[in-house]
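Structure first, then comments.
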Amino acid sequence: MSSSIATPISSQANALHRKHAAAQVARSARRTSSSGIWVGVFAITMSFAAFTSALVVREGTTDWSHLVLPPILYVNTAFILASSATLEIARRFLRVSIEPRKAGAWVGLTLLLGVAFCFGQYRGWLDLRAQGIYLATNPNSSFFYVLTFMHALHVLAGLVALAYLAYRLSGSKKNFRWGIFANAAIYWHFMAVLWVYLLLLCRAEL
Amino acid sequence: MGKALAVVLVLIAVLSAYPIVMHMFVLPEDISTHGHAIDEQIHDTMLEAGLSFVAAQIVLAIFVWGFTNRKAGSPLKNFPGGAKVAVIAAFVLVGTEVLALGVMGQKAWAQVYFTPPRPDAIQIQAQAEQFAFYFRYAGPDGKFGTIHPDKIDEGNQNYFGLDPANEVEARDDIVSGELVVPVNREVQLLMHAKDVGHSFYVRELRIQQDFVPGLDLSVHFTATKIGKYEIVCTQLCGLGHYNMKAYLSVMSQEDYEKWLKEQAAQ
Amino acid sequence: MQEGSVQEAHVHAPPEGFIRKYVFSLDHKVIGKQYYALALVAVFTGMILSWLMRLHMVWPNSKIPLLEMFSKNGAPGGVMTPEYYLSLLTMHGTLMVFFVLTNAPFAAFGNYFLPIQIGAEDMAFPRFNMMSFWTTFAAWVVLMLAFFIPDGPPIAGWTEYTPLSAVGKDAGPGMAWGASLWGISIAIFCVASLLGALNFIATTLDLRAKGMTLMRMPLCTWAWFVTSCIALLAFAVLFPACILLILDRHAGTSFFIPSGLVISDRLQPHAGGSPLLWQHLFWFFGHPEVYIAILPSMGIVSHILVNSMRKPLLSAKVVIYSMMSIGFLSYMVWGHHMFVSGMNPMSSLAFSFPTLTITIPATVLTLIWLGSLYGANIQTNSASLFALGFISMFVAGGVSGFFLAQPSIDIYLHATYFVVGHFHLVMGVASLFGVFAGTYFWFPKMTGRMMSETLGKLHFWITFVGAYCIFMPFHYLGLIGNVRRYQSFVDDFMAPYIGWHKFVTFAALITGAGQFLFLFNLIYSRFKGKPAPENPWNATSLEWSIPSPPPWNNFGGKHPIVYHDPYQYGVNGSKGDFVMQDSPEQVVPASGD
């Protein structure tokens with residue numbers, strides 16, 4: 001099953017090639033299963049549900065000071081939401097018109113935005129540290145660091161997946177499997193949704 | 001082999017039931033006001049559970065006896081009614097059990113946990129620590145001094161970290177290694193954990209309640225018989241857990257008041 | 001859902017080289033055997049720990065030979081210290097629950113047989129599968145390290161309640177690095193289990209052969225599938241709990257530690273935490289975990305019974321729905337471990353009702369098993385004996401649950417030997433009976449050789465009678481208030497009952513010795529056993545349609561097609577009184593039906 005897109009000699013050959021590539025992607029899509037990634041998403045959701053319940057149901061008589069979230073978190077939110085958008089644009093270059101190289105570029109942009117997100121989160125922690133708020137300072141800060149760190153850890157895994165996806169789309173490999181894109185996209189969008197949830201949770205509870 | 005298994009199953013059922021039926025293991029005497037309800041629950045449940053256990057083992061034995069290693073070509077049958085009977089029987093048997101035991105059991109639980117202590121209940125504070133129980137009485141002023149964890153000094157027997165020098169309420173507090181209560185008077189035990197989780201268990205009182213660090217818990221009870229009973233810790237608390245105990249001393253009202261006076265004098 | 005999607009090209013090339021074949025193998029069969037081997041090591045370790053515990057309990061001042069060599073701190077002069085008893089207790093529980101009961105019936109047999117039974121070449125994610133075993137192995141190594149550090153293993157029990165487990169070394173011996181190793185080990189184990197569960201679920205949903213509808217899957221496959229769904233959610237909650245515990249221990253946080261605690265004369269520098277939070281998180285995992293331990297054995301036993309009875313169960317569908325209900329309900333009952341914990345007494349009542357209700361599917365299962373035996377023609381062999389023994393043990397262990405499910409009775413029986421008897425009968429015996437039955441049943445398929453039936457039957461009798469002798473008395477002792485987790489019994493009221501404990505210790509030693517017969521049988525038969533045919537039990541499921549042992553790709557590159565459910569027994573088949581799942585022949589009912 002060849003997926004190399006050779007330089008077309010004539011427009012007719014061009015159209016035939018695109019049709020061939022589209023059929024190949026379609027075949028690959030039919031074979032794709034996302035069961036695994038959805039199961040993984042489910043498990044991660046459950047973990048954060050456990051963290052949430054630890055946060056919401058906490059008992060204790062200490063008077064906790066309210067934690068003001070570092071403003072850069074909102075910038076980071078924009079980054080990660082934008083990265084979801086860029087990933088969807090990449091999808092169009094695989095579904096509508098088959099242009100793996102363009103798709104790969106947009107995936108690369110997604111990756112960059114994801115990296116920006118992670119750096120931004122790190123900055124957020126540094127901001128808190130500058131105010132003297134560390135992991136063990138008070139229960140609020142503990143939860144903040146744990147939630148954002150665990151999320152960032154999962155985002156890092158997503159970055160690895162995106163990097164691999166970009167590599168597969170760069171054309172140096174013969175076979176493109178739709179499943180890699182579909183599953184990586186599910187996971188990456190989930191990271192964005194999870195972040196928005198955690199941000200709102202921290203705002204409400206900390 | 002099948003017949004042997006059937007015989008062994010019946011033997012196991014009978015031998016397991018024997019110690020119960022012959023009352024070889026009796027519940028310790030009940031010296032509480034709510035214990036009767038609990039004991040009744042236990043007896044009713046024992047009847048249900050015991051009968052279920054014996055019946056199941058015997059049915060298994062009968063079927064194993066009759067339906068193992070039969071001649072080749074013996075006709076196979078299905079239990080009349082099939083799966084439907086099993087499902088209905090399960091719902092009916094367990095349904096009635098759940099209703100009966102669950103609903104009836106509520107009463108005993110409510111007696112312990114949903115009735116508030118009487119206003120004239122004697123308040124005694126119990127502190128659990130690695131590896132002893134200490135009890136504090138409020139003294140003539142009826143008020144407990146504050147606990148200052150930083151002032152705890154085991155060497156000088158200041159187990160509760162009291163500060164009598166600066167606090168009036170703490171001056172007349174009585175601390176004892178024994179839980180002394182008058183008979184037929186309600187006692188409210190205010191439970192405080194000094195270090196880790198412990199639990200307060202007096203078999204005869206049919207009381208068991210964990211001490212949770214950071215939580216103010218209490219149980220109340222009325223002891224109905226004079227005597228000395230063991231309090232043991234039932235929540236794994238460290239290496240001395242097995243030896244962590246104290247005595248509950250139930251006295252007559254006069255003896256109790258005498259004891260209080262003696263303690264106050266010290 | 002009809003048949004699975006067209007099988008993805010998950011083919012990996014045939015393995016070459018020793019490392020690829022036997023160590024870092026992608027083959028689910030090798031991985032299954034690796035899990036089994038790990039469970040075997042863990043169970044014998046756990047058993048020896050229990051011997052040490054039982055010996056010490058009845059003769060606390062006795063010198064146990066070799067023990068001092070193993071731990072100078074724990075047994076100076078060969079006499080076990082009280083803290084070392086608790087260390088052994090903690091390791092016994094941790095090893096048995098995690099590394100035996102989650103590994104053997106679920107990971108070991110499930111990995112080996114699930115893909116074959118659904119007609120697949122391998123699991124959906126072979127690399128994840130390999131990772132999940134070696135991660136489990138890493139977790140085991142980390143846990144075992146606790147034996148070899150000077151301070152020894154933790155002493156807080158396999159439940160590691162906070163704040164005892166959270167404050168660090170002030171709490172007592174073994175609570176410095178011992179407890180940390182425990183937390184790290186279990187966190188690693190969670191990740192491994194999540195990977196494994198993910199694989200099971202994806203494989204079952206996606207890789208079923210043509211004609212293998214969900215309802216045509218064997219009952220053990222269903223059990224593994226339901227178990228992996230439970231495991232996915234349960235371990236996903238235990239993992240955060242372990243993270244928070246490790247942070248409390250090492251990063252100064254106070255998730256589980258309130259203020260004002262004075263431990264070892266030191267005021268602990270923590271504030272704002274809740275000890276009950278740990279219990280909620282732990283038992284939210286812990287209760288489903290015990291169903292993770294028993295469900296696969298229920299499936300294995302059902303699978304074997306159908307074969308030995310030579311007739312189907314009264315209704316496989318009802319069994320499947322019962323297993324699913326148990327899985328669902330298992331998430332609603334965790335509070336029954338916390339009736340007297342200080343949680344809201346209303347919650348206790350709320351938890352007791354689903355706890356009593358879960359008896360319904362359990363009873364349905366038992367009645368179906370019993371009812372199916374009626375009119376059957378059970379062929380007794382080692383496997384079917386253990387399957388029948390399972391029913392007896394499951395009932396024995398289950399009925400004591402009636403008591404513990406009621407909060408009012410639990411006031412009296414909580415933390416006594418009654419509880420210990422209950423969970424050992426269901427987990428330590430019934431679940432293990434499923435593993436034994438599975439071993440005798442599937443050993444021919446896995447190795448191409450038969451196990452010795454004589455040794456197998458001897459093993460059954462010793463274990464069956466022995467287990468009752470050990471664990472039935474625990475219920476009686478619980479009734480008189482014998483408290484658990486005590487290294488010896490110094491209370492006045494216990495004096496008349498030490499004789500019973502001695503009886504139990506003897507029974508434990510003898511029953512344990514009988515397990516070495518099993519080990520010998522395993523090892524001897526592996527090399528010297530009679531060669532096994534492809535289908536020694538005349539069974540119907542797909543694993544019996546391939547050679548013993550199976551080739552690396554299970555079906556030799558072919559894609560099996562399934563025509564029947566696996567319950568075609570008592571019919572006129574071309575090969576006998578059964579029709580295999582992949583046989584296109586029509587089923588002719590036996591005359592007289």
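Just remember, in the structure tokens the first chain shown is A, the second B, etc., residues are 1-based per chain, and ligands are 1-based in the order shown.
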
task: Residues of chain C near chain A: apply a cut-off of 6 Å, count only C-alpha atoms, and supply the list as JSON, numbers by chain.
output: {"C": [202, 232, 236, 237, 252, 253, 272, 273, 274]}

Within 8 Å of His198 in chain B using only C-alpha atoms, minus same-chain residues under 5 positions, as a ChimeraX atom specification: /B:128-129,193,210-212,233-237

Write out, as a PDB file, in the first residue's frame, the residues just selected, with C-alpha atoms.
```
ATOM      1  CA  ALA B 128      -6.243   7.464  72.498  1.00  0.00           C
ATOM      2  CA  GLU B 129      -2.538   7.545  71.885  1.00  0.00           C
ATOM      3  CA  ALA B 193      -6.910  11.056  69.118  1.00  0.00           C
ATOM      4  CA  ASP B 210     -12.868   4.784  65.787  1.00  0.00           C
ATOM      5  CA  PHE B 211     -10.876   7.723  67.079  1.00  0.00           C
ATOM      6  CA  VAL B 212     -10.105   9.947  64.092  1.00  0.00           C
ATOM      7  CA  CYS B 233      -7.912  -0.842  70.627  1.00  0.00           C
ATOM      8  CA  THR B 234      -9.163  -2.244  67.336  1.00  0.00           C
ATOM      9  CA  GLN B 235      -7.608   0.125  64.804  1.00  0.00           C
ATOM     10  CA  LEU B 236      -4.032  -0.754  63.837  1.00  0.00           C
ATOM     11  CA  CYS B 237      -1.983   2.022  65.392  1.00  0.00           C
TER      12      CYS B 237
END
```

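Comparing the minimum interatomic distances between Leu385 in chain C and each of B:Val64, B:Ala89, B:Val59, B:Leu162, counting only C-alpha atoms, we find that B:Val64 sits nearest.
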
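Applying a distance limit of 12 Å to only C-alpha atoms, the residues of chain B near chain A read Val212, Pro213, Gly214, Leu215 and Asp216 of chain B.
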
- request: For Leu267 in chain C, please output as number ranges by chain all residues within 7 Å (counting only C-alpha atoms; exclusion window: fewer than 6 positions along the same chain).
  value: B: 150; C: 260-261

Got time to write the residues from that selection, N, CA and C atoms, as a PDB file, in the first residue's frame?
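The result, stored in out.pdb:
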```pdb
ATOM      1  N   ASP B 150       1.232  21.159  72.256  1.00  0.00           N
ATOM      2  CA  ASP B 150       2.644  21.450  72.480  1.00  0.00           C
ATOM      3  C   ASP B 150       3.018  21.292  73.953  1.00  0.00           C
TER       4      ASP B 150
ATOM      5  N   GLY C 260      -2.083  19.429  64.963  1.00  0.00           N
ATOM      6  CA  GLY C 260      -2.081  19.132  66.392  1.00  0.00           C
ATOM      7  C   GLY C 260      -1.720  17.720  66.779  1.00  0.00           C
ATOM      8  N   LEU C 261      -1.146  16.942  65.859  1.00  0.00           N
ATOM      9  CA  LEU C 261      -0.814  15.560  66.218  1.00  0.00           C
ATOM     10  C   LEU C 261       0.551  15.514  66.878  1.00  0.00           C
TER      11      LEU C 261
END
```
